[in-house]
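> My questions all concern the structure below.
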Amino acid sequence: MLALPLVHLRRSLLWLTVGFVVACVVFGQPASADTASPPDNSAPAATGCAFGKADAVAANGGPLGKAIWGRLCQEIDGAPTYADGVTITVSKDGAVVGTATSADGGIFVVPIPGNGTYQVALDTETLPNGFTLTDSKRATLDGVSVNLGDQQVAFPMGEGKVVARSLGDYLTTMVKGLRLGLILAVAAVGLSMVYSVTALVNFAHAELVTVGAIFTFGFNTIGVPFWISVILAMIAGGIVGALNDIAIFHPLTKRRMSPLAMMVVSIGVGIAARNLLQIIFGESGRRYAGAADQRERKFGPLRLTPNDLTIIAICVVVLIALVVLLRKTRLGTAIRAVADNPDLAASSGIAVDRIVTIVWVLCGALTALAGTLYGLTLNVKFDMGFILLLSMFAAVVLGGLGSVAGAILGAIIIGVVQETSGLFIDTAYKFVVALAVLILVLLFRPQGLLGKKERFG
Amino acid sequence: MSWLSIIALALQTAVGFQAASYALGAVGLNLQFGYTGLSNFGHVGFLLVGAYGMAISADRGWPLWVGLLLGVGAAIVLGLLLGIPTLRLRGDYLAIVTIAAAEILRLVANARPSEPLTGGSPGIGGLTSKLGFFRHNFFPERRYAIGNSFVFTDRQLWSMMWAWGLAILATLLIRRLIRSPWGRVIRSIREDEDAARALGKNVVVYKLQSFILGGTIGALAGALIALDDGSVTPDRWIAPFTFALYTVVILGGAGTVWGPIVGAAVYWFVLQAAEGILKNLWFDVGETMIGAIRLAIMGLGLAALMVFRPQGILGSKKEMLASGR
């Protein structure tokens with residue numbers, strides 16, 4: 001199952017590269033290195049209108065305190081122009097909390113009582129001549145959640161035009177996609193390995209991701225240094241994985257339950273676990289204590305946070321270690337033998353049940369690590385794994401169900417495609433793209449990129 | 001609230017519209033999963049297109065029957081699109097593709113660029129006045145009650161009548177089909193696909209027919225839910241809805257004629273009873289907490305049923321695919 005059919009790998013990578021280059025040529029003009037490019041890949045903001053907390057503090061002449069803040073800016077004739085005298089109203093649950101008028105420089109700071117969810121409204125009547133909102137429906141922003149005391153809000157103004165992106169932006173987005181893809185890979189190899197030794201498509205795998213992040217969060221919160229928490233969380237994740245096998249799926253296999261029925265069981269277990277985690281951990285997303293203040297820095301043409309690089313490095317090391325484990329050690333050989341044919345493996349003296357348990361432990365530990373790293377990029381939430389679940393399935397099916405190398409390749413493709421698709425189409429569709437890729441692959445190459453060819457139907 | 005009134009409310013929910021709409025959706029799923037052995041984990045996608053058929057029709061000012069045709073037509077197209085590529089593959093693939101497709105539909109309906117068609121994340125409202133579902137309601141306008149419990153409005157009775165009526169009609173249709181030669185082929189595919197193929201049956205075509213018919217019944221359930229709600233929002237059609245329908249099917253007995261109806265009634269009875277108990281404990285349980293606990297009960301219930309009583313309430317163990325072969 002691990003034998004890399006290099007021809008397929010090469011061919012698929014070739015097509016991928018060709019596709020990407022074509023897409024770049026068709027959809028955008030990678031202009032020559034333009035240093036003043038938008039800092040983030042999400043919204044193509046006008047360059048001169050970029051605004052950050054440091055600027056706000058400087059303009060405010062002191063700390064902001066508990067506030068909702070921002071700057072009203074529109075590019076007029078190519079120069080950023082600020083709208084002053086505009087009324088901004090903040091309300092909570094229908095009651096007005098505070099009002100402010102934008103000062104010189106278009107800056108407004110509305111004090112608020114504390115964290116919570118607010119509604120921020122801009123009175124379009126008070127906009128000076130020449131200023132218009134890009135989207136007139138976005139004069140009122142519902143559900144602005146404030147978690148860290150203060151929060152920036154933006155009212156994009158002026159004609160919505162797409163700023164020509166620089167090559168650096170494309171590369172940065174590619175690297176962010178690679179980061180997501182590698183996290184997905186670490187999460188998905190466990191799914192694929194468990195499938196290869198038990199034929200179970202484990203829908204509760206998503207909760208292993210969440211559990212890992214929550215363990216790390218818990219250890220970190222009680223004062224354990226972050227990276228030691230990660231290792232403890234991996235151990236705990238391995239134990240949870242083993243429990244999955246010992247308490248649930250091993251007894252079911254002994255009862256000769258069909259894989260389809262076990263899949264339904266895993267769905268039930270997943271739903272129950274997710275909701276129990278919600279009850280224990282609460283509804284809101286939280287960040288690790290040590291993970292705050294990650295500013296983007298320039299690395300050549302790329303703009304990345306230090307965390308991005310750490311995550312990529314860890315994932316690469318772990319994946320290489322896993323492949324070495326599977327290819328070069330006796331344990332790895334045994335795992336591959338069980339995956340190929342459990343009966344044959346048993347008759348040549350391999351303790352199949354023990355190997356299955358070890359695979360579950362590996363799966364739990366790796367997935368816990370992936371969850372931790374995913375929590376580092378966003379935040380820790382009870383349904384974070386569930387959000388990744390379909391991308392993981394897509395990755396595993398794309399690479400070929402049961403193939404570890406396939407899962408890694410599939411995950412990287414899905415991650416990159418998901419992130420870079422945001423450059424060409426509305427970001428709301430980025431999950432859709434990943435899932436559409438999945439369906440297309442099944443149409444034309446049902447066994448996946450690196451999967452074994454089987455006789456279907 | 002006394003124990004008696006908790007039980008009365010739970011019974012009322014068990015015969016109410018929600019249970020009826022779940023029953024109708026589950027009848028379609030039962031044909032696919034229970035009789036044909038297709039693991040369609042995106043059944044909610046069919047309900048979604050049924051509901052949006054109604055909503056889009058209302059939005060454009062078209063009459064109700066156009067909305068119905070739109071939803072059913074979309075369900076057939078969806079069935080073909082999903083079925084043709086995946087019904088040739090192993091069951092795992094169908095499961096993953098259908099759940100992915102249902103998510104795609106929901107995310108597309110939710111996305112801002114789709115607003116002109118689907119209304120984006122706020123969805124489409126005002127179905128009641130635009131489609132006039134309740135205009136032909138022949139129940140006189142008042143509250144109907146047995147004693148102090150079992151209180152239904154005339155509108156609820158009207159929705160319930162349609163939903164239970166359609167659920168029973170669909171059940172009778174399935175019973176007829178399953179006892180026909182077509183039904184025997186369908187069940188033989190569930191038992192042993194290769195054997196059916198060896199007898200010269202075009203297995204993929206039979207599976208496709210079953211898949212599309214089940215999906216169409218699902219779309220009807222979605223359309224009814226849209227009519228009863230009066231509005232359609234994307235966040236109602238999430239994956240746990242499908243899993244709830246699975247719980248209903250397995251609870252009643254997968255591959256039994258009346259299983260979905262019994263399952264839906266029991267499912268809602270249990271959930272409502274649990275909620276009633278949680279709301280009357282000596283300490284206060286928040287609304288979101290109750291929702292989470294309800295879903296956790298559903299999940300544990302689904303897993304436990306699968307392990308300890310895979311044939312459900314009505315099934316016989318022999319008939320049950322999921323009991324393992």
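We name chains A, B, ... following the order of the structure tokens; residues begin at 1 in each chain, and ligands are numbered from 1 as shown.
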Kindly provide, as a PyMOL selection string, the residues of chain B having any atom no farther than 8 Å from an atom of chain A, counting only C-alpha atoms.
chain B and resi 39+85-86+88-93+96-97+100-101+103-104+107-108+111-113+204+240+243+289+292-293+295-304+306-307+322-325
> Restricting the output to N, CA and C atoms, write the selected residues as a compact mmCIF listing (two decimals), in the first residue's frame.

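Saved to selection-v2.txt:
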```txt
# COMPACT_ATOMS: atom_id res chain seq x y z
N SER B 39 -25.38 3.69 1.64
CA SER B 39 -25.09 4.55 2.79
C SER B 39 -25.09 6.00 2.34
N PRO B 85 -21.81 8.66 -10.76
CA PRO B 85 -20.40 8.36 -10.49
C PRO B 85 -20.16 7.43 -9.31
N THR B 86 -20.97 7.49 -8.27
CA THR B 86 -20.58 6.82 -7.03
C THR B 86 -21.26 5.47 -6.79
N ARG B 88 -21.28 3.03 -8.57
CA ARG B 88 -20.42 1.95 -9.04
C ARG B 88 -19.38 1.60 -7.99
N LEU B 89 -19.16 2.52 -7.04
CA LEU B 89 -18.04 2.35 -6.10
C LEU B 89 -18.48 1.64 -4.83
N ARG B 90 -17.50 1.36 -3.96
CA ARG B 90 -17.80 0.77 -2.66
C ARG B 90 -18.64 1.72 -1.83
N GLY B 91 -19.31 1.16 -0.83
CA GLY B 91 -20.21 1.96 0.00
C GLY B 91 -19.54 3.13 0.69
N ASP B 92 -18.27 2.97 1.11
CA ASP B 92 -17.57 4.05 1.80
C ASP B 92 -17.54 5.31 0.95
N TYR B 93 -17.34 5.11 -0.36
CA TYR B 93 -17.22 6.26 -1.24
C TYR B 93 -18.55 7.00 -1.34
N ILE B 96 -19.01 9.18 1.71
CA ILE B 96 -18.21 10.40 1.76
C ILE B 96 -18.70 11.42 0.73
N VAL B 97 -19.02 10.93 -0.47
CA VAL B 97 -19.44 11.85 -1.53
C VAL B 97 -20.79 12.48 -1.20
N ALA B 100 -20.39 15.08 1.44
CA ALA B 100 -19.71 16.24 0.88
C ALA B 100 -20.67 17.05 0.01
N ALA B 101 -21.47 16.36 -0.78
CA ALA B 101 -22.39 17.07 -1.67
C ALA B 101 -23.41 17.86 -0.87
N GLU B 103 -23.00 19.12 2.05
CA GLU B 103 -22.32 20.30 2.61
C GLU B 103 -22.11 21.36 1.53
N ILE B 104 -21.73 20.90 0.32
CA ILE B 104 -21.55 21.86 -0.78
C ILE B 104 -22.83 22.66 -0.99
N LEU B 107 -23.30 25.14 1.84
CA LEU B 107 -22.34 26.25 1.82
C LEU B 107 -22.62 27.19 0.65
N VAL B 108 -23.01 26.62 -0.49
CA VAL B 108 -23.32 27.48 -1.63
C VAL B 108 -24.56 28.31 -1.33
N ALA B 111 -23.52 31.16 0.92
CA ALA B 111 -22.49 32.12 0.51
C ALA B 111 -23.10 33.42 0.01
N ARG B 112 -22.36 34.50 0.22
CA ARG B 112 -22.87 35.81 -0.16
C ARG B 112 -23.11 35.95 -1.67
N PRO B 113 -22.23 35.43 -2.51
CA PRO B 113 -22.49 35.58 -3.95
C PRO B 113 -23.78 34.90 -4.41
N VAL B 204 -26.40 -1.32 -11.03
CA VAL B 204 -26.24 0.12 -10.90
C VAL B 204 -27.55 0.84 -11.20
N PRO B 240 -25.80 16.88 10.97
CA PRO B 240 -26.49 16.16 12.06
C PRO B 240 -27.97 15.86 11.77
N PHE B 243 -27.98 12.56 10.29
CA PHE B 243 -27.72 11.53 11.29
C PHE B 243 -28.95 11.32 12.18
N MET B 289 -27.13 24.45 26.37
CA MET B 289 -26.73 23.23 27.06
C MET B 289 -27.73 22.12 26.77
N ALA B 292 -27.17 20.79 23.36
CA ALA B 292 -25.99 19.92 23.30
C ALA B 292 -26.29 18.56 23.93
N ILE B 293 -27.00 18.57 25.06
CA ILE B 293 -27.29 17.30 25.73
C ILE B 293 -28.21 16.44 24.86
N LEU B 295 -28.41 16.44 21.60
CA LEU B 295 -27.63 15.85 20.51
C LEU B 295 -26.72 14.73 21.03
N ALA B 296 -26.16 14.93 22.24
CA ALA B 296 -25.31 13.88 22.80
C ALA B 296 -26.12 12.62 23.03
N ILE B 297 -27.36 12.79 23.51
CA ILE B 297 -28.23 11.62 23.71
C ILE B 297 -28.49 10.93 22.38
N MET B 298 -28.76 11.76 21.35
CA MET B 298 -29.01 11.18 20.03
C MET B 298 -27.81 10.36 19.56
N GLY B 299 -26.61 10.94 19.72
CA GLY B 299 -25.41 10.25 19.26
C GLY B 299 -25.20 8.94 19.98
N LEU B 300 -25.29 9.01 21.32
CA LEU B 300 -25.10 7.78 22.11
C LEU B 300 -26.17 6.77 21.76
N GLY B 301 -27.41 7.27 21.57
CA GLY B 301 -28.51 6.39 21.22
C GLY B 301 -28.24 5.67 19.90
N LEU B 302 -27.76 6.45 18.92
CA LEU B 302 -27.49 5.86 17.61
C LEU B 302 -26.43 4.76 17.73
N ALA B 303 -25.34 5.08 18.45
CA ALA B 303 -24.27 4.10 18.60
C ALA B 303 -24.78 2.86 19.35
N ALA B 304 -25.51 3.10 20.44
CA ALA B 304 -25.97 1.99 21.26
C ALA B 304 -26.95 1.11 20.50
N MET B 306 -27.08 0.65 17.28
CA MET B 306 -26.34 -0.08 16.27
C MET B 306 -25.67 -1.30 16.89
N VAL B 307 -25.21 -1.13 18.15
CA VAL B 307 -24.48 -2.22 18.78
C VAL B 307 -25.44 -3.25 19.38
N ALA B 322 -27.26 -4.40 8.58
CA ALA B 322 -26.24 -3.80 9.44
C ALA B 322 -25.85 -4.74 10.58
N SER B 323 -26.60 -5.82 10.78
CA SER B 323 -26.24 -6.72 11.86
C SER B 323 -24.98 -7.49 11.50
N GLY B 324 -24.56 -7.34 10.27
CA GLY B 324 -23.30 -7.96 9.90
C GLY B 324 -23.53 -9.31 9.26
N ARG B 325 -22.76 -9.59 8.25
CA ARG B 325 -22.94 -10.87 7.58
C ARG B 325 -21.65 -11.66 7.63
```
> With only C-alpha atoms as the counted atoms, please give the residues lying no more than 12 Å from Leu331 in chain A, apart from itself and same-chain residues fewer than 3 positions off, as a short mmCIF file (atom, residue, chain, number, x, y, z; two decimals) with C-alpha atoms, in the first residue's frame.

```cif
data_model
loop_
_atom_site.label_atom_id
_atom_site.label_comp_id
_atom_site.auth_asym_id
_atom_site.auth_seq_id
_atom_site.Cartn_x
_atom_site.Cartn_y
_atom_site.Cartn_z
CA LEU A 322 6.15 8.33 10.11
CA VAL A 323 7.15 7.25 6.64
CA VAL A 324 10.52 6.06 7.95
CA LEU A 325 8.73 4.17 10.73
CA LEU A 326 6.46 2.45 8.25
CA ARG A 327 9.15 1.68 5.68
CA LYS A 328 12.25 0.90 7.72
CA ALA A 334 4.04 -5.49 10.49
CA ILE A 335 1.56 -2.62 10.12
CA ARG A 336 1.81 -2.77 6.35
CA ALA A 337 1.41 -6.54 6.40
CA VAL A 338 -1.79 -6.27 8.46
CA ILE A 350 2.04 -11.12 13.59
CA ALA A 351 -0.19 -10.29 16.56
CA VAL A 352 -2.84 -8.55 14.48
CA ARG A 354 -1.85 -5.65 18.98
CA ILE A 355 -0.84 -4.05 15.71
CA VAL A 356 -4.35 -2.62 15.31
CA ILE A 358 -0.74 0.37 18.03
CA VAL A 359 -2.15 1.92 14.86
CA LEU A 362 -0.35 6.33 16.53
#
```
> Could you list, as a compact mmCIF listing (two decimals) with C-alpha atoms, in the first residue's frame, every residue within 7 Å of Gly42 in chain B, counting only C-alpha atoms and ignoring same-chain residues fewer than 5 positions away?

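Just written: selection34.txt:
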```txt
# COMPACT_ATOMS: atom_id res chain seq x y z
CA THR B 98 -23.02 12.28 -0.40
CA ILE B 99 -22.06 13.99 2.86
CA ALA B 101 -22.39 17.07 -1.67
CA ALA B 102 -24.90 17.99 1.02
CA THR B 242 -29.04 13.40 8.28
```
> Which residue is closest to Asn110 in chain B? Choose from B:Met161, B:Leu173, B:Val232, B:Val151 and count only C-alpha atoms.
B:Val232
> Compile the contact shell of Gly200 in chain B as a compact mmCIF listing (two decimals) with N, CA and C atoms, in the first residue's frame: residues with an atom at most 12 Å away, counting only C-alpha atoms, same-chain residues fewer than 6 positions apart removed.

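Listed below is the output, selection-v7.txt:
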```txt
# COMPACT_ATOMS: atom_id res chain seq x y z
N VAL B 185 -35.39 -7.47 -6.26
CA VAL B 185 -34.05 -7.21 -6.78
C VAL B 185 -33.31 -6.25 -5.85
N ILE B 189 -29.84 -6.98 -3.87
CA ILE B 189 -28.61 -6.19 -4.01
C ILE B 189 -28.04 -5.91 -2.63
N GLU B 193 -24.62 -8.17 -3.70
CA GLU B 193 -24.63 -7.44 -4.95
C GLU B 193 -24.14 -8.32 -6.11
N ASP B 194 -23.09 -9.08 -5.81
CA ASP B 194 -22.51 -9.90 -6.87
C ASP B 194 -23.49 -10.97 -7.35
N TYR B 206 -30.64 -0.33 -10.87
CA TYR B 206 -31.57 -0.53 -9.76
C TYR B 206 -31.21 0.38 -8.58
```
